[in-house]
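Undergrad: Below is the file query.cif, with mmCIF, C-alpha atoms.
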data_coords
#
loop_
_atom_site.group_PDB
_atom_site.id
_atom_site.type_symbol
_atom_site.label_atom_id
_atom_site.label_comp_id
_atom_site.auth_asym_id
_atom_site.auth_seq_id
_atom_site.Cartn_x
_atom_site.Cartn_y
_atom_site.Cartn_z
ATOM 1 C CA MET A 1 47.154 246.023 77.917
ATOM 2 C CA GLN A 2 47.442 244.481 81.323
ATOM 3 C CA VAL A 3 44.336 244.805 83.434
ATOM 4 C CA ALA A 4 44.453 243.662 87.040
ATOM 5 C CA GLU A 5 40.764 244.494 87.526
ATOM 6 C CA LYS A 6 41.280 246.115 90.874
ATOM 7 C CA GLY A 7 38.095 246.383 92.828
ATOM 8 C CA HIS A 8 36.810 243.265 91.112
ATOM 9 C CA GLU A 9 39.170 240.717 92.603
ATOM 10 C CA PRO A 10 37.201 237.495 92.875
ATOM 11 C CA THR A 11 37.357 235.301 95.907
ATOM 12 C CA LEU A 12 36.706 231.602 95.901
ATOM 13 C CA SER A 13 33.016 231.544 96.660
ATOM 14 C CA LEU A 14 30.524 229.430 94.789
ATOM 15 C CA GLY A 15 28.338 232.461 94.222
ATOM 16 C CA GLU A 16 30.947 234.497 92.353
ATOM 17 C CA GLU A 17 29.681 234.816 88.808
ATOM 18 C CA ARG A 18 33.102 235.461 87.302
ATOM 19 C CA ASN A 19 35.083 233.001 89.380
ATOM 20 C CA MET A 20 36.490 230.821 86.634
ATOM 21 C CA VAL A 21 38.568 228.799 89.086
ATOM 22 C CA THR A 22 35.491 227.643 90.978
ATOM 23 C CA LYS A 23 33.737 226.756 87.743
ATOM 24 C CA LEU A 24 36.663 224.654 86.515
ATOM 25 C CA VAL A 25 36.964 222.870 89.855
ATOM 26 C CA SER A 26 33.209 222.218 89.837
ATOM 27 C CA ILE A 27 33.323 220.713 86.349
ATOM 28 C CA ASN A 28 36.194 218.404 87.274
ATOM 29 C CA LEU A 29 34.513 217.266 90.486
ATOM 30 C CA THR A 30 31.205 216.697 88.706
ATOM 31 C CA VAL A 31 32.819 214.471 86.068
ATOM 32 C CA PHE A 32 34.709 212.576 88.771
ATOM 33 C CA VAL A 33 31.557 211.938 90.794
ATOM 34 C CA LEU A 34 29.692 210.769 87.689
ATOM 35 C CA LEU A 35 32.478 208.336 86.792
ATOM 36 C CA PHE A 36 32.614 207.109 90.377
ATOM 37 C CA PHE A 37 28.897 206.354 90.468
ATOM 38 C CA ILE A 38 29.060 204.684 87.065
ATOM 39 C CA LYS A 39 31.778 202.398 88.416
ATOM 40 C CA VAL A 40 29.699 201.630 91.522
ATOM 41 C CA ILE A 41 26.720 200.727 89.331
ATOM 42 C CA PHE A 42 28.859 198.449 87.175
ATOM 43 C CA MET A 43 30.355 196.741 90.227
ATOM 44 C CA LEU A 44 27.004 196.261 91.979
ATOM 45 C CA GLY A 45 25.531 194.917 88.794
ATOM 46 C CA SER A 46 28.288 192.301 88.632
ATOM 47 C CA TYR A 47 29.487 193.590 85.289
ATOM 48 C CA HIS A 48 32.976 192.705 84.196
ATOM 49 C CA GLU A 49 35.644 195.214 85.251
ATOM 50 C CA THR A 50 36.457 195.968 81.632
ATOM 51 C CA SER A 51 32.918 197.262 81.101
ATOM 52 C CA PHE A 52 33.640 200.408 83.127
ATOM 53 C CA GLU A 53 37.061 200.745 81.511
ATOM 54 C CA GLU A 54 35.374 200.808 78.120
ATOM 55 C CA VAL A 55 33.110 203.641 79.253
ATOM 56 C CA ALA A 56 35.964 205.686 80.744
ATOM 57 C CA ASP A 57 38.092 205.049 77.659
ATOM 58 C CA TRP A 58 35.871 207.387 75.636
ATOM 59 C CA LEU A 59 37.073 210.290 77.794
ATOM 60 C CA THR A 60 40.789 209.478 77.902
ATOM 61 C CA LEU A 61 43.458 210.881 75.592
ATOM 62 C CA PRO A 62 45.104 208.110 73.552
ATOM 63 C CA ALA A 63 48.758 208.326 72.563
ATOM 64 C CA SER A 64 47.926 206.615 69.284
ATOM 65 C CA PRO A 65 46.906 209.019 66.460
ATOM 66 C CA ALA A 66 44.750 206.264 64.948
ATOM 67 C CA ARG A 67 42.737 205.912 68.154
ATOM 68 C CA LEU A 68 42.506 209.701 68.450
ATOM 69 C CA LEU A 69 40.785 209.876 65.064
ATOM 70 C CA VAL A 70 38.051 207.627 66.454
ATOM 71 C CA LYS A 71 37.383 209.937 69.411
ATOM 72 C CA PRO A 72 38.682 213.445 68.595
ATOM 73 C CA TRP A 73 36.631 214.947 71.442
ATOM 74 C CA SER A 74 39.064 213.343 73.883
ATOM 75 C CA LEU A 75 41.417 216.290 73.197
ATOM 76 C CA LEU A 76 39.049 218.240 75.462
ATOM 77 C CA THR A 77 37.412 215.637 77.675
ATOM 78 C CA PHE A 78 40.644 214.212 79.084
ATOM 79 C CA MET A 79 41.554 217.475 80.830
ATOM 80 C CA PHE A 80 38.286 217.475 82.794
ATOM 81 C CA SER A 81 38.303 213.779 83.670
ATOM 82 C CA HIS A 82 39.658 211.899 86.681
ATOM 83 C CA GLY A 83 38.462 208.373 87.152
ATOM 84 C CA PRO A 84 39.024 205.383 89.441
ATOM 85 C CA LEU A 85 40.507 203.097 86.779
ATOM 86 C CA GLY A 86 41.599 199.522 87.338
ATOM 87 C CA ASN A 87 41.020 198.094 90.804
ATOM 88 C CA ALA A 88 41.166 201.519 92.465
ATOM 89 C CA TRP A 89 38.035 203.105 93.927
ATOM 90 C CA PHE A 90 39.512 206.576 94.179
ATOM 91 C CA ASP A 91 41.778 208.626 91.941
ATOM 92 C CA VAL A 92 44.039 210.602 94.277
ATOM 93 C CA SER A 93 45.241 212.781 91.398
ATOM 94 C CA ILE A 94 41.995 214.749 91.479
ATOM 95 C CA VAL A 95 42.801 215.959 94.999
ATOM 96 C CA TYR A 96 46.302 216.984 93.962
ATOM 97 C CA ASP A 97 45.156 218.679 90.752
ATOM 98 C CA MET A 98 42.214 220.527 92.289
ATOM 99 C CA VAL A 99 44.166 221.809 95.305
ATOM 100 C CA TRP A 100 46.859 223.301 93.094
ATOM 101 C CA LEU A 101 44.325 224.594 90.556
ATOM 102 C CA TYR A 102 42.496 226.298 93.425
ATOM 103 C CA PHE A 103 45.727 227.769 94.772
ATOM 104 C CA PHE A 104 47.479 229.014 91.628
ATOM 105 C CA GLY A 105 44.231 229.853 89.851
ATOM 106 C CA THR A 106 43.093 232.130 92.663
ATOM 107 C CA ILE A 107 46.362 234.061 92.682
ATOM 108 C CA LEU A 108 46.363 234.476 88.906
ATOM 109 C CA GLN A 109 42.695 235.442 88.921
ATOM 110 C CA ARG A 110 43.340 238.137 91.514
ATOM 111 C CA THR A 111 46.442 239.566 89.869
ATOM 112 C CA ALA A 112 45.816 239.188 86.131
ATOM 113 C CA GLY A 113 42.031 238.843 85.939
ATOM 114 C CA TYR A 114 39.546 236.035 85.546
ATOM 115 C CA GLN A 115 39.824 236.178 81.732
ATOM 116 C CA ARG A 116 43.226 234.474 81.882
ATOM 117 C CA ILE A 117 42.037 231.288 83.579
ATOM 118 C CA VAL A 118 40.009 229.355 81.002
ATOM 119 C CA PRO A 119 42.309 230.022 77.996
ATOM 120 C CA LEU A 120 45.321 228.899 80.014
ATOM 121 C CA TYR A 121 43.493 225.795 81.206
ATOM 122 C CA VAL A 122 42.269 224.781 77.753
ATOM 123 C CA PHE A 123 45.350 225.738 75.733
ATOM 124 C CA GLY A 124 47.637 224.215 78.367
ATOM 125 C CA GLY A 125 45.740 220.950 78.117
ATOM 126 C CA LEU A 126 45.768 220.986 74.308
ATOM 127 C CA ALA A 127 49.500 221.751 74.149
ATOM 128 C CA GLY A 128 50.153 218.970 76.637
ATOM 129 C CA ALA A 129 48.170 216.597 74.427
ATOM 130 C CA VAL A 130 50.200 217.573 71.353
ATOM 131 C CA PHE A 131 53.489 217.070 73.209
ATOM 132 C CA TYR A 132 52.249 213.739 74.558
ATOM 133 C CA ILE A 133 51.080 212.291 71.259
ATOM 134 C CA ALA A 134 54.097 213.585 69.336
ATOM 135 C CA GLY A 135 56.598 212.428 71.937
ATOM 136 C CA MET A 136 55.076 208.986 72.385
ATOM 137 C CA ASN A 137 55.232 208.377 68.632
ATOM 138 C CA LEU A 138 58.516 210.086 67.750
ATOM 139 C CA ILE A 139 60.790 209.245 70.683
ATOM 140 C CA PRO A 140 62.225 205.757 70.014
ATOM 141 C CA GLY A 141 61.924 204.584 73.613
ATOM 142 C CA PHE A 142 58.198 205.333 73.732
ATOM 143 C CA ARG A 143 57.038 204.068 70.330
ATOM 144 C CA LEU A 144 56.255 200.549 71.484
ATOM 145 C CA LEU A 145 54.053 201.949 74.267
ATOM 146 C CA ALA A 146 52.090 204.413 72.144
ATOM 147 C CA SER A 147 49.427 201.984 70.947
ATOM 148 C CA SER A 148 48.328 201.112 74.489
ATOM 149 C CA SER A 149 49.053 204.352 76.357
ATOM 150 C CA PHE A 150 46.458 206.925 77.391
ATOM 151 C CA PHE A 151 46.047 209.790 79.838
ATOM 152 C CA MET A 152 43.279 211.513 81.731
ATOM 153 C CA GLY A 153 43.569 214.368 84.200
ATOM 154 C CA ALA A 154 44.065 218.110 84.555
ATOM 155 C CA GLY A 155 47.839 217.929 85.108
ATOM 156 C CA PRO A 156 49.014 219.893 82.023
ATOM 157 C CA SER A 157 46.260 222.494 82.441
ATOM 158 C CA VAL A 158 47.136 223.059 86.094
ATOM 159 C CA MET A 159 50.808 223.285 85.161
ATOM 160 C CA ALA A 160 50.001 226.021 82.626
ATOM 161 C CA ILE A 161 48.177 228.060 85.269
ATOM 162 C CA ALA A 162 50.930 227.453 87.856
ATOM 163 C CA VAL A 163 53.660 228.664 85.497
ATOM 164 C CA ALA A 164 51.585 231.645 84.374
ATOM 165 C CA ALA A 165 50.896 232.731 87.958
ATOM 166 C CA THR A 166 54.565 232.378 88.879
ATOM 167 C CA VAL A 167 55.779 234.338 85.862
ATOM 168 C CA TYR A 168 53.160 237.065 86.274
ATOM 169 C CA ALA A 169 53.472 237.580 90.032
ATOM 170 C CA PRO A 170 56.613 235.824 91.358
ATOM 171 C CA GLY A 171 56.777 238.209 94.310
ATOM 172 C CA TYR A 172 53.163 237.700 95.372
ATOM 173 C CA ARG A 173 53.370 236.912 99.080
ATOM 174 C CA LEU A 174 51.306 234.565 101.188
ATOM 175 C CA LEU A 175 50.903 234.383 104.959
ATOM 176 C CA THR A 176 51.975 237.996 105.341
ATOM 177 C CA GLY A 177 52.160 239.665 108.721
ATOM 178 C CA PRO A 178 50.813 243.050 109.884
ATOM 179 C CA GLY A 179 51.196 245.725 107.238
ATOM 180 C CA HIS A 180 51.606 243.024 104.566
ATOM 181 C CA LYS A 181 55.191 242.485 105.651
ATOM 182 C CA GLY A 182 57.120 239.243 105.417
ATOM 183 C CA GLY A 183 55.336 236.199 104.082
ATOM 184 C CA ILE A 184 56.331 233.533 101.583
ATOM 185 C CA PRO A 185 56.874 234.614 97.955
ATOM 186 C CA LEU A 186 54.950 232.696 95.331
ATOM 187 C CA TRP A 187 58.045 231.450 93.521
ATOM 188 C CA ILE A 188 59.007 229.385 96.578
ATOM 189 C CA ILE A 189 55.577 227.714 96.676
ATOM 190 C CA SER A 190 55.877 227.082 92.933
ATOM 191 C CA ALA A 191 59.268 225.429 93.390
ATOM 192 C CA LEU A 192 57.737 223.214 96.078
ATOM 193 C CA TYR A 193 54.899 222.314 93.707
ATOM 194 C CA PHE A 194 57.319 221.286 90.956
ATOM 195 C CA VAL A 195 59.414 219.179 93.348
ATOM 196 C CA LEU A 196 56.347 217.440 94.808
ATOM 197 C CA LEU A 197 54.928 216.811 91.350
ATOM 198 C CA ILE A 198 58.111 215.203 90.062
ATOM 199 C CA GLY A 199 58.537 213.247 93.287
ATOM 200 C CA ALA A 200 54.975 211.910 93.159
ATOM 201 C CA ASN A 201 55.441 210.667 89.603
ATOM 202 C CA VAL A 202 58.760 209.047 90.429
ATOM 203 C CA MET A 203 57.107 207.276 93.366
ATOM 204 C CA ASP A 204 54.367 206.025 91.030
ATOM 205 C CA HIS A 205 57.004 204.919 88.492
ATOM 206 C CA ASN A 206 55.740 207.381 85.875
ATOM 207 C CA PHE A 207 58.874 208.156 83.892
ATOM 208 C CA GLY A 208 57.570 208.916 80.443
ATOM 209 C CA GLY A 209 54.444 210.435 78.980
ATOM 210 C CA ILE A 210 53.423 212.503 81.998
ATOM 211 C CA TYR A 211 56.489 214.711 81.615
ATOM 212 C CA LEU A 212 55.629 215.350 77.968
ATOM 213 C CA LEU A 213 52.174 216.513 79.041
ATOM 214 C CA LEU A 214 53.549 218.731 81.797
ATOM 215 C CA ALA A 215 56.172 220.231 79.474
ATOM 216 C CA GLY A 216 53.475 221.238 76.996
ATOM 217 C CA GLY A 217 51.402 222.814 79.743
ATOM 218 C CA ALA A 218 54.365 224.666 81.232
ATOM 219 C CA LEU A 219 55.455 226.082 77.874
ATOM 220 C CA THR A 220 51.925 227.237 77.121
ATOM 221 C CA GLY A 221 51.588 228.942 80.487
ATOM 222 C CA PHE A 222 54.844 230.820 79.979
ATOM 223 C CA VAL A 223 54.115 231.888 76.399
ATOM 224 C CA LEU A 224 50.521 233.006 76.974
ATOM 225 C CA ILE A 225 51.225 235.051 80.102
ATOM 226 C CA HIS A 226 54.345 236.576 78.528
ATOM 227 C CA GLN A 227 52.304 237.658 75.522
ATOM 228 C CA TYR A 228 49.686 239.115 77.845
ATOM 229 C CA GLN A 229 52.383 241.116 79.630
ATOM 230 C CA GLN A 230 53.404 242.451 76.234
ATOM 231 C CA GLY A 231 49.834 243.593 75.578
ATOM 232 C CA ARG A 232 48.714 240.650 73.403
ATOM 233 C CA ASP A 233 45.833 238.621 74.809
ATOM 234 C CA TRP A 234 45.909 235.328 72.915
ATOM 235 C CA GLY A 235 42.978 234.029 74.915
ATOM 236 C CA ALA A 236 40.583 236.805 73.935
ATOM 237 C CA ARG A 237 39.062 234.907 71.001
ATOM 238 C CA LEU A 238 38.312 231.873 73.150
ATOM 239 C CA ASN A 239 36.755 234.066 75.848
ATOM 240 C CA ARG A 240 34.531 235.758 73.264
ATOM 241 C CA LEU A 241 33.527 232.395 71.807
ATOM 242 C CA LEU A 242 32.604 231.007 75.214
ATOM 243 C CA TYR A 243 30.748 234.192 76.116
ATOM 244 C CA ARG A 244 28.649 234.043 72.960
ATOM 245 C CA ALA A 245 27.957 230.346 73.466
ATOM 246 C CA SER A 246 26.898 230.872 77.084
ATOM 247 C CA HIS A 247 24.640 233.789 76.097
ATOM 248 C CA MET A 248 23.122 232.085 73.077
ATOM 249 C CA PHE A 249 19.769 231.834 74.835
ATOM 250 C CA HIS A 250 20.271 235.015 76.881
ATOM 251 C CA PRO A 251 21.170 237.610 74.252
ATOM 252 C CA ASP A 252 20.352 240.672 76.361
ATOM 253 C CA GLU A 253 23.960 241.768 76.794
ATOM 254 C CA ASP A 254 24.783 241.024 73.161
ATOM 255 C CA ASN A 255 21.994 243.359 72.098
ATOM 256 C CA THR A 256 23.161 246.173 74.379
ATOM 257 C CA ARG A 257 24.337 248.343 71.522
ATOM 258 C CA GLU A 258 21.027 247.986 69.702
ATOM 259 C CA GLN A 259 19.144 248.761 72.913
ATOM 260 C CA LEU A 260 21.183 251.873 73.483
ATOM 261 C CA LEU A 261 20.664 253.062 69.941
ATOM 262 C CA SER A 262 16.928 252.428 70.166
ATOM 263 C CA HIS A 263 16.800 254.450 73.380
ATOM 264 C CA GLY A 264 18.038 257.458 71.437
ATOM 265 C CA MET A 265 20.155 258.680 74.331
ATOM 266 C CA PRO A 266 22.093 261.912 73.929
ATOM 267 C CA PHE A 267 25.872 262.073 73.900
ATOM 268 C CA ARG A 268 27.890 264.914 75.304
ATOM 269 C CA ARG A 269 31.051 265.690 73.371
ATOM 270 C CA THR A 270 32.494 268.403 75.540
ATOM 271 C CA ALA A 271 36.019 267.047 75.034
ATOM 272 C CA PRO A 272 37.720 264.700 72.585
ATOM 273 C CA ARG A 273 37.565 261.105 73.740
ATOM 274 C CA SER A 274 39.919 258.229 73.032
ATOM 275 C CA ALA A 275 38.298 255.500 70.968
ATOM 276 C CA SER A 276 39.855 252.811 73.122
ATOM 277 C CA VAL A 277 38.084 251.370 76.146
ATOM 278 C CA THR A 278 40.014 249.498 78.800
ATOM 279 C CA GLU A 279 38.831 246.158 80.100
ATOM 280 C CA ALA A 280 38.431 247.620 83.573
ATOM 281 C CA GLU A 281 36.094 250.367 82.298
ATOM 282 C CA LEU A 282 34.028 247.873 80.320
ATOM 283 C CA ASN A 283 33.775 245.492 83.291
ATOM 284 C CA GLU A 284 32.493 248.284 85.530
ATOM 285 C CA VAL A 285 29.777 249.196 83.033
ATOM 286 C CA LEU A 286 28.708 245.559 82.534
ATOM 287 C CA ASP A 287 28.621 245.015 86.283
ATOM 288 C CA LYS A 288 26.327 248.001 86.673
ATOM 289 C CA ILE A 289 24.002 246.646 83.969
ATOM 290 C CA ASN A 290 23.871 243.272 85.733
ATOM 291 C CA MET A 291 23.032 244.866 89.089
ATOM 292 C CA GLN A 292 20.856 247.852 88.161
ATOM 293 C CA GLY A 293 19.781 247.424 84.554
ATOM 294 C CA ILE A 294 20.686 249.321 81.409
ATOM 295 C CA ASP A 295 18.513 252.314 82.287
ATOM 296 C CA ALA A 296 20.773 253.077 85.271
ATOM 297 C CA LEU A 297 23.741 253.932 83.020
ATOM 298 C CA SER A 298 24.900 257.518 82.827
ATOM 299 C CA VAL A 299 25.513 259.224 79.483
ATOM 300 C CA GLU A 300 29.270 258.655 79.848
ATOM 301 C CA GLU A 301 28.780 254.963 80.654
ATOM 302 C CA LYS A 302 26.530 254.477 77.633
ATOM 303 C CA ASP A 303 29.144 256.157 75.492
ATOM 304 C CA THR A 304 31.802 253.821 76.908
ATOM 305 C CA LEU A 305 29.661 250.803 76.071
ATOM 306 C CA LEU A 306 29.068 251.968 72.512
ATOM 307 C CA ARG A 307 32.753 252.602 71.920
ATOM 308 C CA ALA A 308 33.563 249.147 73.297
ATOM 309 C CA SER A 309 31.027 247.536 70.944
ATOM 310 C CA LYS A 310 32.764 249.155 67.954
ATOM 311 C CA ARG A 311 36.346 248.284 68.807
ATOM 312 C CA ASP A 312 36.242 244.760 67.291
#
Output the file's structure in the form of structure tokens.
TA:
Amino acid sequence: MQVAEKGHEPTLSLGEERNMVTKLVSINLTVFVLLFFIKVIFMLGSYHETSFEEVADWLTLPASPARLLVKPWSLLTFMFSHGPLGNAWFDVSIVYDMVWLYFFGTILQRTAGYQRIVPLYVFGGLAGAVFYIAGMNLIPGFRLLASSSFFMGAGPSVMAIAVAATVYAPGYRLLTGPGHKGGIPLWIISALYFVLLIGANVMDHNFGGIYLLLAGGALTGFVLIHQYQQGRDWGARLNRLLYRASHMFHPDEDNTREQLLSHGMPFRRTAPRSASVTEAELNEVLDKINMQGIDALSVEEKDTLLRASKRD
């Protein structure tokens, strides 16, 4: 079921609890700043340039399966890492990636809900990694480069979100006039993004692996958002896993059902009720608990919460 979560549309403010876009941007910027300061320390300490490269290498995605076995965590770390490698002091790709993540992520978050963002980001990055490693080792022209090739950056993850936003809301308009008339449809901005992305890589003489990564991200974005439109949320399991991990030391919401049962609250059954609970209904109840506490729930809201706890 598609849930646009009207009335809960997040804006890009650092204080928004459910703003997944801001959280992803913050993680990427934090890793970048850490890598930057590590490089400064190495340079000021007169360490050899390769010393920093060896540190950053533990975060990069290798094209070689043998090297991947040594650092399997790089399947995740590469998509959150941007570093000033080589003689460069600044990695301009982080600006490009974060601007477009901010832009497309906000639109998708407002139209399809914040629950779409993290699964698309992670699965887009993982699919890009699979395409990259497979292509670099199976395509004859790339095989000789596989042993020394690597990648770091959020490119495939951002591509997944960009494609998903475009497929889900191609007619979403920006810079609209009075009465929400006119404006630029999203699909035009997306076309501009694709052209600029290809042009930037051509200018940097990147003709190989980057397109494998982007293809994997684009395919993932299309498939996941199409499945969501058909009523199948393939990112739900990941969202539940992350929720449980983030509430491991704050189990109050996980114990809501037990709390409600222990309260012995009455239930009115004046009319038959559907066993299903929509995401929008559940979000409203959880928001009320966060703001006012569980005792502020009405009988109907407690019933909604109990039915939601049983649906899995």
Undergrad: Mind giving me the straight-line distance from atom CA of Arg237 of chain A to atom CA of Trp58 of chain A in Å, one decimal?
TA: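 Rounded to one decimal, the two atoms are 28.1 Å apart.
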Undergrad: So what does the PyMOL selection byres ((chain A and resi 197) around 12) actually pick up in this one, as a count of residues only?
TA: 27
Undergrad: Please, what distance in Å, to one decimal, runs between atom CA of Arg143 of chain A and atom CA of Val92 of chain A?
TA: 28.0 Å
Undergrad: Env of Ile117 of chain A: 7 Å cut, atoms = all atoms listed in the file, seq-sep filter 2 positions within chain, self excluded. Answer as a list of chain:residue names.
TA: A:Met20, A:Val21, A:Gly105, A:Gln109, A:Tyr114, A:Gln115, A:Pro119, A:Leu120, A:Tyr121
Undergrad: Please indicate the distance in Å from atom CA of Ala154 of chain A to atom CA of Gly125 of chain A, rounded to one decimal place.
TA: 7.2 Å
Undergrad: Taking all atoms listed in the file into account, which of A:Leu24, A:Ala129, A:Val33, A:Ile184 comes nearest Thr220 of chain A?
TA: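 Among A:Leu24, A:Ala129, A:Val33, A:Ile184, it is A:Ala129 that comes nearest to Thr220 of chain A.
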